[in-house]
Amino acid sequence: MSDTVSRHDDVARHAVRPDLRGTLIEGERVTLARWVIEAGRPATRLHQHDVHEQFTIVISGAVETVVGEERLRLDAGDVCRIKPGVVHGETVALDGVDAVLMDVFEPTRDDYLSAARAHEHAA
């Protein structure tokens, strides 16, 4: 894989969180995480990160999620900004269909990247 193009079929999925497996793409200043939220799976946990700004882009499907005090429905094409320190999560796929999300984090998510590397070495 080149450092210019990440092909979907060439990038491994990693257990970078207890409740999600994702595909990570590492940049110099940002980390991208591609998640598949399977229909019918339990909601992700509420959490926050004090340093990272996050943008969630819904690639396909639809999800319900909590950001701060709001419970939101996000559909394909929607973008949600999550500021550092804001509690968010409880994400579930809607309408009985898997959803694909792309999270963009700034600065890089060294914790996710370390977990992915540990997962690669354990395999």
# chains A, B, ... in the order shown; residues from 1 in each chain; ligands from 1

$ closest_atom_pairs --of "segment 98-119 of chain A" --to "segment 6-27 of chain A" --cutoff "6 Å" --atoms "only C-alpha atoms" --output "tab-separated table"
residue	atom	partner	partner_atom	distance
A:Tyr112	CA	A:Val16	CA	5.4
A:Ala115	CA	A:Val16	CA	5.3
A:Ala116	CA	A:His14	CA	5.5

$ write_last_selection --atoms "all heavy atoms" --output "short mmCIF file (atom, residue, chain, number, x, y, z; two decimals), in the first residue's frame"
data_model
loop_
_atom_site.label_atom_id
_atom_site.label_comp_id
_atom_site.auth_asym_id
_atom_site.auth_seq_id
_atom_site.Cartn_x
_atom_site.Cartn_y
_atom_site.Cartn_z
N TYR A 112 -5.24 4.95 19.25
CA TYR A 112 -5.80 4.05 18.25
C TYR A 112 -4.69 3.40 17.43
O TYR A 112 -4.73 2.21 17.15
CB TYR A 112 -6.73 4.81 17.30
CG TYR A 112 -8.12 5.10 17.82
CD1 TYR A 112 -8.49 4.87 19.13
CD2 TYR A 112 -9.08 5.61 16.97
CE1 TYR A 112 -9.76 5.14 19.59
CE2 TYR A 112 -10.36 5.88 17.40
CZ TYR A 112 -10.70 5.65 18.71
OH TYR A 112 -11.97 5.91 19.14
N ALA A 115 -2.93 0.74 19.44
CA ALA A 115 -3.76 -0.45 19.57
C ALA A 115 -3.76 -1.25 18.27
O ALA A 115 -3.70 -2.48 18.29
CB ALA A 115 -5.19 -0.06 19.96
N ALA A 116 -3.82 -0.57 17.13
CA ALA A 116 -3.80 -1.26 15.84
C ALA A 116 -2.47 -1.97 15.63
O ALA A 116 -2.44 -3.11 15.17
CB ALA A 116 -4.06 -0.28 14.71
#

$ residues_around --residues "Val63 of chain A" --least-positions-apart "6" --cutoff "12 Å" --atoms "only C-alpha atoms" --output "PyMOL selection string"
chain A and resi 35-41+43-44+56-57+71-80+89-101

$ write_last_selection --atoms "N, CA and C atoms" --output "compact mmCIF listing (two decimals), in the first residue's frame"
# COMPACT_ATOMS: atom_id res chain seq x y z
N TRP A 35 -15.45 3.00 10.33
CA TRP A 35 -16.17 2.04 11.16
C TRP A 35 -17.35 1.48 10.40
N VAL A 36 -17.65 0.22 10.60
CA VAL A 36 -18.91 -0.36 10.15
C VAL A 36 -19.73 -0.60 11.41
N ILE A 37 -20.86 0.07 11.52
CA ILE A 37 -21.77 -0.11 12.64
C ILE A 37 -22.83 -1.10 12.17
N GLU A 38 -22.74 -2.33 12.68
CA GLU A 38 -23.66 -3.37 12.22
C GLU A 38 -25.06 -3.14 12.78
N ALA A 39 -26.05 -3.39 11.93
CA ALA A 39 -27.45 -3.29 12.35
C ALA A 39 -27.69 -4.28 13.48
N GLY A 40 -28.37 -3.83 14.53
CA GLY A 40 -28.73 -4.71 15.64
C GLY A 40 -27.68 -4.85 16.73
N ARG A 41 -26.49 -4.30 16.54
CA ARG A 41 -25.47 -4.42 17.58
C ARG A 41 -25.75 -3.41 18.69
N ALA A 43 -25.42 -0.37 21.36
CA ALA A 43 -24.91 1.00 21.20
C ALA A 43 -23.46 1.09 21.70
N THR A 44 -22.69 1.93 21.04
CA THR A 44 -21.33 2.20 21.51
C THR A 44 -21.42 2.95 22.84
N THR A 56 -17.36 13.35 12.19
CA THR A 56 -17.92 12.07 11.76
C THR A 56 -18.70 12.29 10.47
N ILE A 57 -18.36 11.52 9.46
CA ILE A 57 -19.00 11.59 8.16
C ILE A 57 -19.73 10.27 7.93
N ARG A 71 -29.58 14.16 21.00
CA ARG A 71 -29.68 12.84 20.35
C ARG A 71 -29.98 13.14 18.89
N LEU A 72 -29.11 12.67 17.99
CA LEU A 72 -29.18 13.05 16.59
C LEU A 72 -29.38 11.85 15.69
N ARG A 73 -30.07 12.07 14.59
CA ARG A 73 -30.10 11.11 13.48
C ARG A 73 -29.17 11.68 12.41
N LEU A 74 -28.24 10.84 11.96
CA LEU A 74 -27.32 11.24 10.90
C LEU A 74 -27.51 10.28 9.73
N ASP A 75 -27.71 10.83 8.55
CA ASP A 75 -27.93 10.04 7.34
C ASP A 75 -26.72 10.15 6.42
N ALA A 76 -26.67 9.28 5.42
CA ALA A 76 -25.57 9.29 4.46
C ALA A 76 -25.32 10.70 3.94
N GLY A 77 -24.06 11.12 3.98
CA GLY A 77 -23.68 12.45 3.54
C GLY A 77 -23.60 13.48 4.65
N ASP A 78 -24.21 13.19 5.81
CA ASP A 78 -24.17 14.14 6.93
C ASP A 78 -22.77 14.15 7.57
N VAL A 79 -22.40 15.31 8.09
CA VAL A 79 -21.14 15.48 8.80
C VAL A 79 -21.47 16.07 10.17
N CYS A 80 -20.89 15.48 11.21
CA CYS A 80 -21.12 15.94 12.58
C CYS A 80 -19.78 16.33 13.20
N GLY A 89 -21.49 9.45 21.83
CA GLY A 89 -21.53 7.99 21.67
C GLY A 89 -22.96 7.49 21.65
N GLU A 90 -23.16 6.27 22.18
CA GLU A 90 -24.45 5.57 22.10
C GLU A 90 -24.91 5.48 20.64
N THR A 91 -23.97 5.21 19.76
CA THR A 91 -24.24 5.16 18.33
C THR A 91 -24.79 3.80 17.94
N VAL A 92 -25.90 3.81 17.21
CA VAL A 92 -26.51 2.58 16.68
C VAL A 92 -26.92 2.81 15.23
N ALA A 93 -26.86 1.73 14.44
CA ALA A 93 -27.34 1.77 13.07
C ALA A 93 -28.87 1.78 13.08
N LEU A 94 -29.46 2.46 12.13
CA LEU A 94 -30.92 2.59 12.03
C LEU A 94 -31.46 1.84 10.82
N ASP A 95 -32.74 1.60 10.85
CA ASP A 95 -33.49 1.06 9.72
C ASP A 95 -33.07 -0.36 9.34
N GLY A 96 -32.43 -1.09 10.27
CA GLY A 96 -32.05 -2.48 10.00
C GLY A 96 -30.93 -2.64 8.99
N VAL A 97 -30.17 -1.58 8.77
CA VAL A 97 -29.10 -1.58 7.75
C VAL A 97 -27.79 -1.18 8.41
N ASP A 98 -26.69 -1.88 8.07
CA ASP A 98 -25.37 -1.48 8.55
C ASP A 98 -25.08 -0.06 8.10
N ALA A 99 -24.33 0.67 8.91
CA ALA A 99 -23.90 2.03 8.56
C ALA A 99 -22.38 2.06 8.51
N VAL A 100 -21.85 2.85 7.59
CA VAL A 100 -20.41 3.04 7.48
C VAL A 100 -20.11 4.50 7.80
N LEU A 101 -19.22 4.70 8.76
CA LEU A 101 -18.85 6.04 9.21
C LEU A 101 -17.36 6.26 9.00

$ select_by_dssp --residues "segment 17-60 of chain A" --states "strand (DSSP E or B)" --output "tab-separated table (two decimals) with C-alpha atoms, in the first residue's frame"
chain	number	residue	atom	x	y	z
A	17	ARG	CA	-11.78	0.10	21.03
A	20	LEU	CA	-15.60	-1.20	17.70
A	21	ARG	CA	-13.34	-2.61	15.02
A	22	GLY	CA	-12.13	-0.10	12.49
A	23	THR	CA	-9.80	0.66	9.65
A	24	LEU	CA	-7.23	3.33	10.46
A	25	ILE	CA	-5.44	5.64	8.08
A	26	GLU	CA	-2.55	7.56	9.58
A	31	THR	CA	-6.13	10.05	11.92
A	32	LEU	CA	-9.03	8.66	9.92
A	33	ALA	CA	-11.04	5.76	11.29
A	34	ARG	CA	-13.56	3.92	9.13
A	35	TRP	CA	-16.17	2.04	11.16
A	36	VAL	CA	-18.91	-0.36	10.15
A	37	ILE	CA	-21.77	-0.11	12.64
A	47	HIS	CA	-17.04	8.79	26.00
A	53	GLU	CA	-11.54	17.42	17.61
A	54	GLN	CA	-13.61	14.85	15.67
A	55	PHE	CA	-15.63	15.02	12.49
A	56	THR	CA	-17.92	12.07	11.76
A	57	ILE	CA	-19.00	11.59	8.16
A	58	VAL	CA	-21.78	9.10	7.37
A	59	ILE	CA	-20.71	7.25	4.23
A	60	SER	CA	-23.75	4.96	4.00

$ residues_around --residues "Glu28 of chain A" --least-positions-apart "3" --cutoff "10 Å" --atoms "only C-alpha atoms" --output "VMD selection string"
chain A and resid 31 106 to 108

$ write_last_selection --atoms "all heavy atoms" --output "compact mmCIF listing (two decimals), in the first residue's frame"
# COMPACT_ATOMS: atom_id res chain seq x y z
N THR A 31 -5.87 11.48 12.04
CA THR A 31 -6.13 10.05 11.92
C THR A 31 -7.55 9.88 11.41
O THR A 31 -8.47 10.52 11.92
CB THR A 31 -5.98 9.34 13.28
OG1 THR A 31 -4.66 9.55 13.78
CG2 THR A 31 -6.25 7.85 13.16
N GLU A 106 -8.23 15.19 14.85
CA GLU A 106 -7.06 16.07 14.87
C GLU A 106 -6.84 16.48 16.32
O GLU A 106 -7.78 16.90 16.98
CB GLU A 106 -7.32 17.30 13.99
CG GLU A 106 -6.08 18.11 13.65
CD GLU A 106 -5.59 19.00 14.79
OE1 GLU A 106 -6.40 19.52 15.57
OE2 GLU A 106 -4.37 19.16 14.92
N PRO A 107 -5.65 16.31 16.87
CA PRO A 107 -4.45 15.73 16.27
C PRO A 107 -4.59 14.21 16.14
O PRO A 107 -5.64 13.64 16.45
CB PRO A 107 -3.35 16.10 17.26
CG PRO A 107 -4.04 16.19 18.58
CD PRO A 107 -5.43 16.71 18.26
N THR A 108 -3.51 13.55 15.70
CA THR A 108 -3.55 12.12 15.47
C THR A 108 -3.96 11.37 16.73
O THR A 108 -3.68 11.81 17.84
CB THR A 108 -2.18 11.59 14.99
OG1 THR A 108 -1.20 11.91 15.96
CG2 THR A 108 -1.81 12.17 13.65

$ select_by_dssp --residues "chain A" --states "helix (DSSP H, G or I)" --output "PyMOL selection string"
chain A and resi 8-10+110-122

$ closest_residue --among "A:Met102, A:Ala118, A:Val87, A:Val5" --to "Val67 of chain A" --atoms "only C-alpha atoms"
A:Val87

$ atom_distance --atom1 "atom CA of Gln48 of chain A" --atom2 "atom CA of Glu69 of chain A"
13.1 Å
